[in-house]
$ cat target.txt   # compact mmCIF, C-alpha atoms
# COMPACT_ATOMS: atom_id res chain seq x y z
CA MET L 1 104.49 86.35 -85.78
CA THR L 2 108.11 87.42 -86.31
CA LEU L 3 110.13 85.08 -88.47
CA ALA L 4 113.58 84.00 -87.29
CA THR L 5 116.67 85.34 -89.02
CA ARG L 6 118.69 82.48 -90.45
CA ILE L 7 122.02 82.02 -92.21
CA GLY L 8 122.73 78.93 -94.29
CA TRP L 9 126.52 78.79 -94.53
CA VAL L 10 127.68 76.82 -97.58
CA ARG L 11 131.26 75.79 -98.26
CA HIS L 12 131.86 75.89 -102.02
CA GLY L 13 132.07 72.75 -104.15
CA ILE L 14 135.30 70.86 -104.62
CA THR L 15 138.14 72.03 -106.90
CA GLU L 16 141.14 70.28 -108.43
CA TRP L 17 143.37 71.95 -105.83
CA ASN L 18 141.12 70.60 -103.04
CA GLN L 19 141.53 67.13 -104.52
CA LEU L 20 145.31 67.56 -104.70
CA GLY L 21 145.51 68.84 -101.11
CA LYS L 22 146.75 72.29 -102.14
CA ILE L 23 145.87 75.39 -100.13
CA GLN L 24 143.95 77.87 -102.27
CA GLY L 25 143.45 80.94 -100.10
CA VAL L 26 142.78 83.87 -102.40
CA THR L 27 144.25 82.10 -105.44
CA ASP L 28 141.24 82.10 -107.77
CA ILE L 29 140.71 78.43 -108.64
CA PRO L 30 137.46 77.33 -110.40
CA LEU L 31 135.27 74.39 -109.43
CA SER L 32 136.11 71.00 -110.90
CA ALA L 33 133.47 69.01 -112.79
CA GLU L 34 132.75 67.22 -109.51
CA GLY L 35 132.35 70.55 -107.71
CA LEU L 36 129.78 71.69 -110.28
CA ARG L 37 127.90 68.41 -109.77
CA GLN L 38 127.98 68.87 -105.98
CA ALA L 39 126.43 72.34 -106.31
CA ARG L 40 123.59 70.97 -108.42
CA LEU L 41 122.96 68.27 -105.79
CA LEU L 42 122.66 70.86 -103.01
CA ALA L 43 120.30 72.91 -105.18
CA ASP L 44 118.12 69.84 -105.71
CA ARG L 45 118.03 69.26 -101.95
CA LEU L 46 117.15 72.84 -101.04
CA ILE L 47 114.37 73.21 -103.58
CA ASN L 48 112.60 70.24 -102.00
CA GLU L 49 112.98 71.30 -98.35
CA GLU L 50 110.38 73.15 -96.29
CA LEU L 51 112.65 76.06 -95.39
CA LYS L 52 112.62 78.62 -98.20
CA TRP L 53 115.54 80.98 -98.72
CA THR L 54 115.34 84.70 -99.47
CA GLY L 55 118.60 85.21 -101.35
CA ILE L 56 122.28 84.30 -101.58
CA TYR L 57 125.48 86.11 -100.67
CA THR L 58 128.73 84.83 -102.13
CA SER L 59 132.44 85.44 -101.88
CA ASP L 60 133.95 87.12 -104.92
CA LEU L 61 136.31 84.17 -105.62
CA GLN L 62 135.12 82.11 -108.58
CA ARG L 63 134.80 78.73 -106.85
CA ALA L 64 132.25 80.29 -104.49
CA ARG L 65 130.58 82.37 -107.20
CA GLN L 66 130.14 79.32 -109.45
CA THR L 67 128.57 77.42 -106.57
CA ALA L 68 126.28 80.33 -105.71
CA GLN L 69 125.23 80.91 -109.33
CA ILE L 70 124.06 77.31 -109.66
CA LEU L 71 122.04 77.64 -106.43
CA ALA L 72 120.62 81.04 -107.43
CA GLU L 73 119.48 79.87 -110.85
CA ARG L 74 117.89 76.64 -109.56
CA LEU L 75 116.18 78.32 -106.58
CA GLU L 76 115.42 81.56 -108.48
CA LEU L 77 117.04 83.75 -105.83
CA PRO L 78 118.85 87.09 -105.98
CA LEU L 79 122.64 86.87 -105.74
CA VAL L 80 124.92 89.40 -104.00
CA VAL L 81 128.74 89.31 -104.18
CA ASP L 82 130.61 90.45 -101.05
CA PRO L 83 134.43 90.25 -100.79
CA ARG L 84 134.29 90.30 -96.97
CA ILE L 85 133.36 86.60 -97.00
CA ARG L 86 136.25 85.49 -99.24
CA GLU L 87 138.79 82.93 -98.04
CA ARG L 88 141.71 83.70 -95.75
CA SER L 89 144.84 84.79 -97.58
CA PHE L 90 147.46 82.12 -96.85
CA GLY L 91 150.40 84.13 -98.20
CA ALA L 92 153.39 82.03 -99.26
CA ALA L 93 151.56 78.77 -98.45
CA GLU L 94 149.10 79.12 -101.33
CA GLY L 95 149.55 76.40 -103.94
CA THR L 96 151.47 74.09 -101.59
CA THR L 97 150.58 70.60 -100.39
CA GLU L 98 150.78 69.44 -96.76
CA PRO L 99 154.17 67.67 -97.26
CA GLU L 100 155.56 70.83 -98.90
CA ARG L 101 154.38 72.98 -96.00
CA LEU L 102 155.84 70.62 -93.41
CA ALA L 103 159.17 70.54 -95.24
CA ARG L 104 159.33 74.33 -95.49
CA TRP L 105 157.91 75.53 -92.15
CA GLY L 106 157.50 72.42 -89.99
CA ALA L 107 154.52 71.23 -87.95
CA GLU L 108 153.74 74.80 -86.80
CA TRP L 109 153.38 76.05 -90.39
CA ARG L 110 149.95 77.57 -89.68
CA ARG L 111 151.66 79.98 -87.28
CA LEU L 112 154.89 80.50 -89.22
CA VAL L 113 153.82 81.15 -92.84
CA PRO L 114 154.58 84.81 -93.57
CA ASP L 115 152.07 87.28 -94.99
CA GLN L 116 148.97 85.24 -94.19
CA GLU L 117 145.79 86.75 -92.80
CA SER L 118 145.36 86.32 -89.06
CA ASP L 119 142.38 84.80 -87.24
CA GLU L 120 141.62 88.24 -85.81
CA GLN L 121 141.54 89.86 -89.25
CA ILE L 122 139.09 87.18 -90.41
CA ARG L 123 136.89 87.72 -87.38
CA VAL L 124 136.82 91.49 -87.90
CA ARG L 125 135.68 91.38 -91.52
CA GLY L 126 133.43 88.37 -90.92
CA HIS L 127 131.60 89.93 -87.96
CA GLU L 128 131.26 93.20 -89.85
CA PHE L 129 129.46 91.25 -92.56
CA VAL L 130 127.27 89.21 -90.16
CA ASN L 131 126.26 92.26 -88.09
CA GLU L 132 125.31 94.19 -91.21
CA PHE L 133 123.43 91.14 -92.53
CA ALA L 134 121.42 90.84 -89.29
CA ARG L 135 120.40 94.51 -89.47
CA LYS L 136 119.43 94.42 -93.16
CA HIS L 137 117.73 91.03 -93.30
CA GLU L 138 115.85 90.60 -90.03
CA GLY L 139 113.34 87.77 -90.33
CA GLU L 140 114.87 86.50 -93.58
CA ALA L 141 116.83 83.34 -94.43
CA TRP L 142 119.87 83.73 -96.71
CA LEU L 143 122.45 81.30 -98.00
CA ILE L 144 126.06 82.47 -97.71
CA VAL L 145 128.55 80.69 -99.97
CA THR L 146 132.08 80.94 -98.64
CA HIS L 147 135.27 78.98 -97.86
CA GLY L 148 136.57 76.43 -95.36
CA SER L 149 139.10 78.36 -93.28
CA PHE L 150 137.04 81.56 -93.19
CA LEU L 151 133.91 79.64 -92.25
CA ALA L 152 135.64 77.61 -89.53
CA ARG L 153 136.85 80.78 -87.82
CA MET L 154 133.41 82.40 -88.08
CA LEU L 155 131.54 79.41 -86.69
CA GLN L 156 133.98 79.15 -83.77
CA SER L 157 133.42 82.80 -82.90
CA LEU L 158 129.63 82.76 -83.39
CA CYS L 159 129.02 79.38 -81.66
CA GLY L 160 131.40 79.03 -78.72
CA ASP L 161 130.85 75.33 -77.96
CA LEU L 162 131.10 74.13 -81.56
CA ASP L 163 133.30 71.11 -82.27
CA ASN L 164 136.30 71.69 -84.50
CA ALA L 165 135.32 69.23 -87.25
CA HIS L 166 136.76 69.76 -90.72
CA LEU L 167 134.17 71.53 -92.87
CA LEU L 168 133.49 69.46 -95.96
CA ASN L 169 133.17 70.80 -99.48
CA MET L 170 129.53 71.58 -100.31
CA SER L 171 128.50 71.27 -96.65
CA LEU L 172 125.54 73.19 -95.24
CA THR L 173 125.54 74.74 -91.75
CA VAL L 174 122.44 76.62 -90.55
CA LEU L 175 122.39 79.23 -87.77
CA GLU L 176 119.35 81.00 -86.31
CA ARG L 177 119.49 84.38 -84.61
CA GLN L 178 118.42 84.31 -80.95
CA GLN L 179 118.49 87.04 -78.28
CA ALA L 180 121.60 85.48 -76.77
CA GLY L 181 123.35 85.07 -80.13
CA TRP L 182 123.39 82.53 -82.95
CA GLU L 183 121.99 79.03 -82.36
CA LEU L 184 123.31 76.10 -84.40
CA LEU L 185 120.50 74.19 -86.16
CA LEU L 186 122.55 72.11 -88.60
CA HIS L 187 126.32 71.60 -88.84
CA ASN L 188 128.56 70.48 -91.70
CA CYS L 189 125.78 68.49 -93.38
CA THR L 190 126.46 66.79 -96.73
CA ARG L 191 123.41 64.50 -96.79
CA HIS L 192 122.68 65.66 -100.36
CA LEU L 193 126.01 64.16 -101.49
CA SER L 194 125.54 60.89 -99.58
CA ASP L 195 121.99 60.47 -100.91
CA ALA L 196 123.24 60.95 -104.47
CA GLU L 197 125.94 58.31 -103.98
CA ILE L 198 123.35 55.85 -102.66
CA LYS L 199 121.01 56.49 -105.60
CA THR L 200 123.77 56.02 -108.19
CA THR L 201 125.32 52.90 -106.65
CA PRO L 202 124.30 49.76 -108.66

$ encode --input "target.txt" --output "structure tokens"
Amino acid sequence: MTLATRIGWVRHGITEWNQLGKIQGVTDIPLSAEGLRQARLLADRLINEELKWTGIYTSDLQRARQTAQILAERLELPLVVDPRIRERSFGAAEGTTEPERLARWGAEWRRLVPDQESDEQIRVRGHEFVNEFARKHEGEAWLIVTHGSFLARMLQSLCGDLDNAHLLNMSLTVLERQQAGWELLLHNCTRHLSDAEIKTTP
């Protein structure tokens, strides 16, 4: 019996810039204490689930690498760093809040910020990674720790009818390779965070 090829897309844990509403892009911001806690909660969830993972790929930016290292150590998995799955470069918008972006570029700031990476550039490097992954890891299940904007563009291109929900920090999205393409099994799931909040509420 041939095992299905699966990707578990993970958005990294939260950072101080996430909490302040600042765009990070390729600015190399570390996880906050809460982000480190979130990564440990996902690790606890995955180690107790039936689906077992083969390994982990991570972006080279430290907020993703820190997340992936916690998962790799807890699950005892190999870890591979790949810069093709790093966040979109947001150019001059990096480090700004939403009010600052609106004041500087207006409501169409996503289109008007200079020197930012385009959707097409993200799709090119992202699909290069996914196609290579599918060839190298047929029948395996790997976690891929990456970033919100990059992941949103990839999911939209891999799963055409996907809703455009905001991808939450430390969310898990699982895709399975089918003959017709990638099938969505789980989307933007943060049950591990909600369960922890329930358990710690007096």

$ closest_residue --input "target.txt" --among "L:Ile85, L:Ile70, L:Val113, L:Val130" --to "Gly148 (chain L)" --atoms "all atoms listed in the file"
L:Ile85

$ closest_residue --input "target.txt" --among "L:His166, L:His12, L:Arg88, L:Arg45" --to "Arg63 (chain L)" --atoms "all atoms listed in the file"
L:His12

$ atom_distance --input "target.txt" --atom1 "CA of Leu185 (chain L)" --atom2 "CA of Gly139 (chain L)"
15.9 Å

$ closest_residue --input "target.txt" --among "L:Val124, L:Leu143, L:Cys159, L:Val80" --to "Leu46 (chain L)" --atoms "only C-alpha atoms"
L:Leu143

$ closest_residue --input "target.txt" --among "L:Ala64, L:Ala4, L:Glu50, L:Glu76" --to "Ser32 (chain L)" --atoms "all atoms listed in the file"
L:Ala64

$ atom_distance --input "target.txt" --atom1 "CA of Glu140 (chain L)" --atom2 "CA of Thr5 (chain L)"
5.0 Å

$ residues_near_point --input "target.txt" --point "(129.6, 82.7, -105.6)" --cutoff "9 Å" --atoms "all atoms listed in the file" --output "list in words"
His12, Ile56, Tyr57, Thr58, Ser59, Asp60, Leu61, Gln62, Arg63, Ala64, Arg65, Gln66, Thr67, Ala68, Gln69, Ile70, Leu79, Val80, Val81, Ile144, Val145 and Thr146 of chain L

$ atom_distance --input "target.txt" --atom1 "CA of Ser89 (chain L)" --atom2 "CA of Asp163 (chain L)"
23.6 Å

$ residues_around --input "target.txt" --residues "region 106-110 of chain L" --least-positions-apart "4" --cutoff "12 Å" --atoms "all atoms listed in the file" --output "JSON list (two decimals) with C-alpha atoms, keeping the file's coordinate frame"
[["chain", "number", "residue", "atom", "x", "y", "z"],
["L", 23, "ILE", "CA", 145.87, 75.39, -100.13],
["L", 88, "ARG", "CA", 141.71, 83.70, -95.75],
["L", 89, "SER", "CA", 144.84, 84.79, -97.58],
["L", 90, "PHE", "CA", 147.46, 82.12, -96.85],
["L", 91, "GLY", "CA", 150.40, 84.13, -98.20],
["L", 92, "ALA", "CA", 153.39, 82.03, -99.26],
["L", 93, "ALA", "CA", 151.56, 78.77, -98.45],
["L", 94, "GLU", "CA", 149.10, 79.12, -101.33],
["L", 96, "THR", "CA", 151.47, 74.09, -101.59],
["L", 97, "THR", "CA", 150.58, 70.60, -100.39],
["L", 98, "GLU", "CA", 150.78, 69.44, -96.76],
["L", 99, "PRO", "CA", 154.17, 67.67, -97.26],
["L", 100, "GLU", "CA", 155.56, 70.83, -98.90],
["L", 101, "ARG", "CA", 154.38, 72.98, -96.00],
["L", 102, "LEU", "CA", 155.84, 70.62, -93.41],
["L", 114, "PRO", "CA", 154.58, 84.81, -93.57],
["L", 115, "ASP", "CA", 152.07, 87.28, -94.99],
["L", 116, "GLN", "CA", 148.97, 85.24, -94.19],
["L", 117, "GLU", "CA", 145.79, 86.75, -92.80],
["L", 118, "SER", "CA", 145.36, 86.32, -89.06],
["L", 119, "ASP", "CA", 142.38, 84.80, -87.24],
["L", 149, "SER", "CA", 139.10, 78.36, -93.28]]

$ closest_residue --input "target.txt" --among "L:Gly55, L:Gly13, L:Pro83, L:Gly8" --to "Leu155 (chain L)" --atoms "all atoms listed in the file"
L:Gly8

$ closest_residue --input "target.txt" --among "L:Pro78, L:Ala72, L:His137, L:Leu186" --to "Leu42 (chain L)" --atoms "only C-alpha atoms"
L:Ala72

$ residues_around --input "target.txt" --residues "Trp17 (chain L)" --least-positions-apart "4" --cutoff "8 Å" --atoms "only C-alpha atoms" --output "list in words"
Gly21, Lys22, Ile23, Gln24, Ile29 and Gly95 of chain L

$ residues_around --input "target.txt" --residues "Asp44 (chain L)" --least-positions-apart "6" --cutoff "10 Å" --atoms "only C-alpha atoms" --output "list in words"
Gln38, Leu71, Arg74, Leu75 and His192 of chain L

$ build_atoms --input "target.txt" --residues "region 112-136 of chain L" --atoms "N, CA, C and O atoms" --output "PDB file, keeping the file's coordinate frame"
ATOM      1  N   LEU L 112     153.612  79.973 -88.740  1.00  0.00           N
ATOM      2  CA  LEU L 112     154.890  80.500 -89.220  1.00  0.00           C
ATOM      3  C   LEU L 112     154.878  81.019 -90.659  1.00  0.00           C
ATOM      4  O   LEU L 112     155.808  81.725 -91.048  1.00  0.00           O
ATOM      5  N   VAL L 113     153.857  80.670 -91.442  1.00  0.00           N
ATOM      6  CA  VAL L 113     153.820  81.150 -92.840  1.00  0.00           C
ATOM      7  C   VAL L 113     153.723  82.674 -92.841  1.00  0.00           C
ATOM      8  O   VAL L 113     152.829  83.246 -92.202  1.00  0.00           O
ATOM      9  N   PRO L 114     154.630  83.346 -93.557  1.00  0.00           N
ATOM     10  CA  PRO L 114     154.580  84.810 -93.570  1.00  0.00           C
ATOM     11  C   PRO L 114     153.444  85.335 -94.448  1.00  0.00           C
ATOM     12  O   PRO L 114     152.970  84.654 -95.347  1.00  0.00           O
ATOM     13  N   ASP L 115     153.019  86.536 -94.143  1.00  0.00           N
ATOM     14  CA  ASP L 115     152.070  87.280 -94.990  1.00  0.00           C
ATOM     15  C   ASP L 115     150.682  86.661 -95.074  1.00  0.00           C
ATOM     16  O   ASP L 115     149.915  87.004 -95.967  1.00  0.00           O
ATOM     17  N   GLN L 116     150.326  85.767 -94.163  1.00  0.00           N
ATOM     18  CA  GLN L 116     148.970  85.240 -94.190  1.00  0.00           C
ATOM     19  C   GLN L 116     148.060  86.064 -93.294  1.00  0.00           C
ATOM     20  O   GLN L 116     148.517  86.733 -92.366  1.00  0.00           O
ATOM     21  N   GLU L 117     146.784  86.020 -93.577  1.00  0.00           N
ATOM     22  CA  GLU L 117     145.790  86.750 -92.800  1.00  0.00           C
ATOM     23  C   GLU L 117     145.596  86.078 -91.449  1.00  0.00           C
ATOM     24  O   GLU L 117     145.520  84.853 -91.355  1.00  0.00           O
ATOM     25  N   SER L 118     145.488  86.864 -90.417  1.00  0.00           N
ATOM     26  CA  SER L 118     145.360  86.320 -89.060  1.00  0.00           C
ATOM     27  C   SER L 118     143.908  85.958 -88.747  1.00  0.00           C
ATOM     28  O   SER L 118     142.966  86.431 -89.400  1.00  0.00           O
ATOM     29  N   ASP L 119     143.723  85.129 -87.714  1.00  0.00           N
ATOM     30  CA  ASP L 119     142.380  84.800 -87.240  1.00  0.00           C
ATOM     31  C   ASP L 119     141.615  86.068 -86.877  1.00  0.00           C
ATOM     32  O   ASP L 119     140.422  86.188 -87.158  1.00  0.00           O
ATOM     33  N   GLU L 120     142.288  87.004 -86.240  1.00  0.00           N
ATOM     34  CA  GLU L 120     141.620  88.240 -85.810  1.00  0.00           C
ATOM     35  C   GLU L 120     141.159  89.058 -87.014  1.00  0.00           C
ATOM     36  O   GLU L 120     140.054  89.624 -86.998  1.00  0.00           O
ATOM     37  N   GLN L 121     141.964  89.131 -88.055  1.00  0.00           N
ATOM     38  CA  GLN L 121     141.540  89.860 -89.250  1.00  0.00           C
ATOM     39  C   GLN L 121     140.312  89.212 -89.890  1.00  0.00           C
ATOM     40  O   GLN L 121     139.415  89.910 -90.362  1.00  0.00           O
ATOM     41  N   ILE L 122     140.263  87.883 -89.884  1.00  0.00           N
ATOM     42  CA  ILE L 122     139.090  87.180 -90.410  1.00  0.00           C
ATOM     43  C   ILE L 122     137.866  87.502 -89.569  1.00  0.00           C
ATOM     44  O   ILE L 122     136.786  87.789 -90.100  1.00  0.00           O
ATOM     45  N   ARG L 123     138.025  87.446 -88.256  1.00  0.00           N
ATOM     46  CA  ARG L 123     136.890  87.720 -87.380  1.00  0.00           C
ATOM     47  C   ARG L 123     136.363  89.144 -87.571  1.00  0.00           C
ATOM     48  O   ARG L 123     135.150  89.366 -87.584  1.00  0.00           O
ATOM     49  N   VAL L 124     137.241  90.098 -87.738  1.00  0.00           N
ATOM     50  CA  VAL L 124     136.820  91.490 -87.900  1.00  0.00           C
ATOM     51  C   VAL L 124     135.966  91.650 -89.152  1.00  0.00           C
ATOM     52  O   VAL L 124     134.848  92.188 -89.097  1.00  0.00           O
ATOM     53  N   ARG L 125     136.454  91.189 -90.285  1.00  0.00           N
ATOM     54  CA  ARG L 125     135.680  91.380 -91.520  1.00  0.00           C
ATOM     55  C   ARG L 125     134.436  90.480 -91.535  1.00  0.00           C
ATOM     56  O   ARG L 125     133.381  90.863 -92.050  1.00  0.00           O
ATOM     57  N   GLY L 126     134.562  89.276 -90.953  1.00  0.00           N
ATOM     58  CA  GLY L 126     133.430  88.370 -90.920  1.00  0.00           C
ATOM     59  C   GLY L 126     132.297  88.888 -90.044  1.00  0.00           C
ATOM     60  O   GLY L 126     131.126  88.850 -90.428  1.00  0.00           O
ATOM     61  N   HIS L 127     132.636  89.398 -88.863  1.00  0.00           N
ATOM     62  CA  HIS L 127     131.600  89.930 -87.960  1.00  0.00           C
ATOM     63  C   HIS L 127     131.011  91.227 -88.498  1.00  0.00           C
ATOM     64  O   HIS L 127     129.816  91.490 -88.284  1.00  0.00           O
ATOM     65  N   GLU L 128     131.807  92.012 -89.197  1.00  0.00           N
ATOM     66  CA  GLU L 128     131.260  93.200 -89.850  1.00  0.00           C
ATOM     67  C   GLU L 128     130.169  92.793 -90.841  1.00  0.00           C
ATOM     68  O   GLU L 128     129.086  93.387 -90.876  1.00  0.00           O
ATOM     69  N   PHE L 129     130.448  91.744 -91.608  1.00  0.00           N
ATOM     70  CA  PHE L 129     129.460  91.250 -92.560  1.00  0.00           C
ATOM     71  C   PHE L 129     128.214  90.714 -91.848  1.00  0.00           C
ATOM     72  O   PHE L 129     127.078  91.059 -92.193  1.00  0.00           O
ATOM     73  N   VAL L 130     128.403  89.849 -90.851  1.00  0.00           N
ATOM     74  CA  VAL L 130     127.270  89.210 -90.160  1.00  0.00           C
ATOM     75  C   VAL L 130     126.412  90.260 -89.449  1.00  0.00           C
ATOM     76  O   VAL L 130     125.168  90.201 -89.496  1.00  0.00           O
ATOM     77  N   ASN L 131     127.023  91.231 -88.786  1.00  0.00           N
ATOM     78  CA  ASN L 131     126.260  92.260 -88.090  1.00  0.00           C
ATOM     79  C   ASN L 131     125.441  93.103 -89.061  1.00  0.00           C
ATOM     80  O   ASN L 131     124.276  93.433 -88.793  1.00  0.00           O
ATOM     81  N   GLU L 132     126.033  93.446 -90.185  1.00  0.00           N
ATOM     82  CA  GLU L 132     125.310  94.190 -91.210  1.00  0.00           C
ATOM     83  C   GLU L 132     124.173  93.349 -91.792  1.00  0.00           C
ATOM     84  O   GLU L 132     123.051  93.836 -91.996  1.00  0.00           O
ATOM     85  N   PHE L 133     124.463  92.059 -92.026  1.00  0.00           N
ATOM     86  CA  PHE L 133     123.430  91.140 -92.530  1.00  0.00           C
ATOM     87  C   PHE L 133     122.237  91.100 -91.580  1.00  0.00           C
ATOM     88  O   PHE L 133     121.076  91.177 -91.997  1.00  0.00           O
ATOM     89  N   ALA L 134     122.491  90.958 -90.276  1.00  0.00           N
ATOM     90  CA  ALA L 134     121.420  90.840 -89.290  1.00  0.00           C
ATOM     91  C   ALA L 134     120.550  92.098 -89.250  1.00  0.00           C
ATOM     92  O   ALA L 134     119.328  92.014 -89.051  1.00  0.00           O
ATOM     93  N   ARG L 135     121.168  93.258 -89.448  1.00  0.00           N
ATOM     94  CA  ARG L 135     120.400  94.510 -89.470  1.00  0.00           C
ATOM     95  C   ARG L 135     119.546  94.606 -90.735  1.00  0.00           C
ATOM     96  O   ARG L 135     118.381  95.004 -90.677  1.00  0.00           O
ATOM     97  N   LYS L 136     120.113  94.243 -91.870  1.00  0.00           N
ATOM     98  CA  LYS L 136     119.430  94.420 -93.160  1.00  0.00           C
ATOM     99  C   LYS L 136     118.389  93.361 -93.445  1.00  0.00           C
ATOM    100  O   LYS L 136     117.428  93.607 -94.173  1.00  0.00           O
TER     101      LYS L 136
END
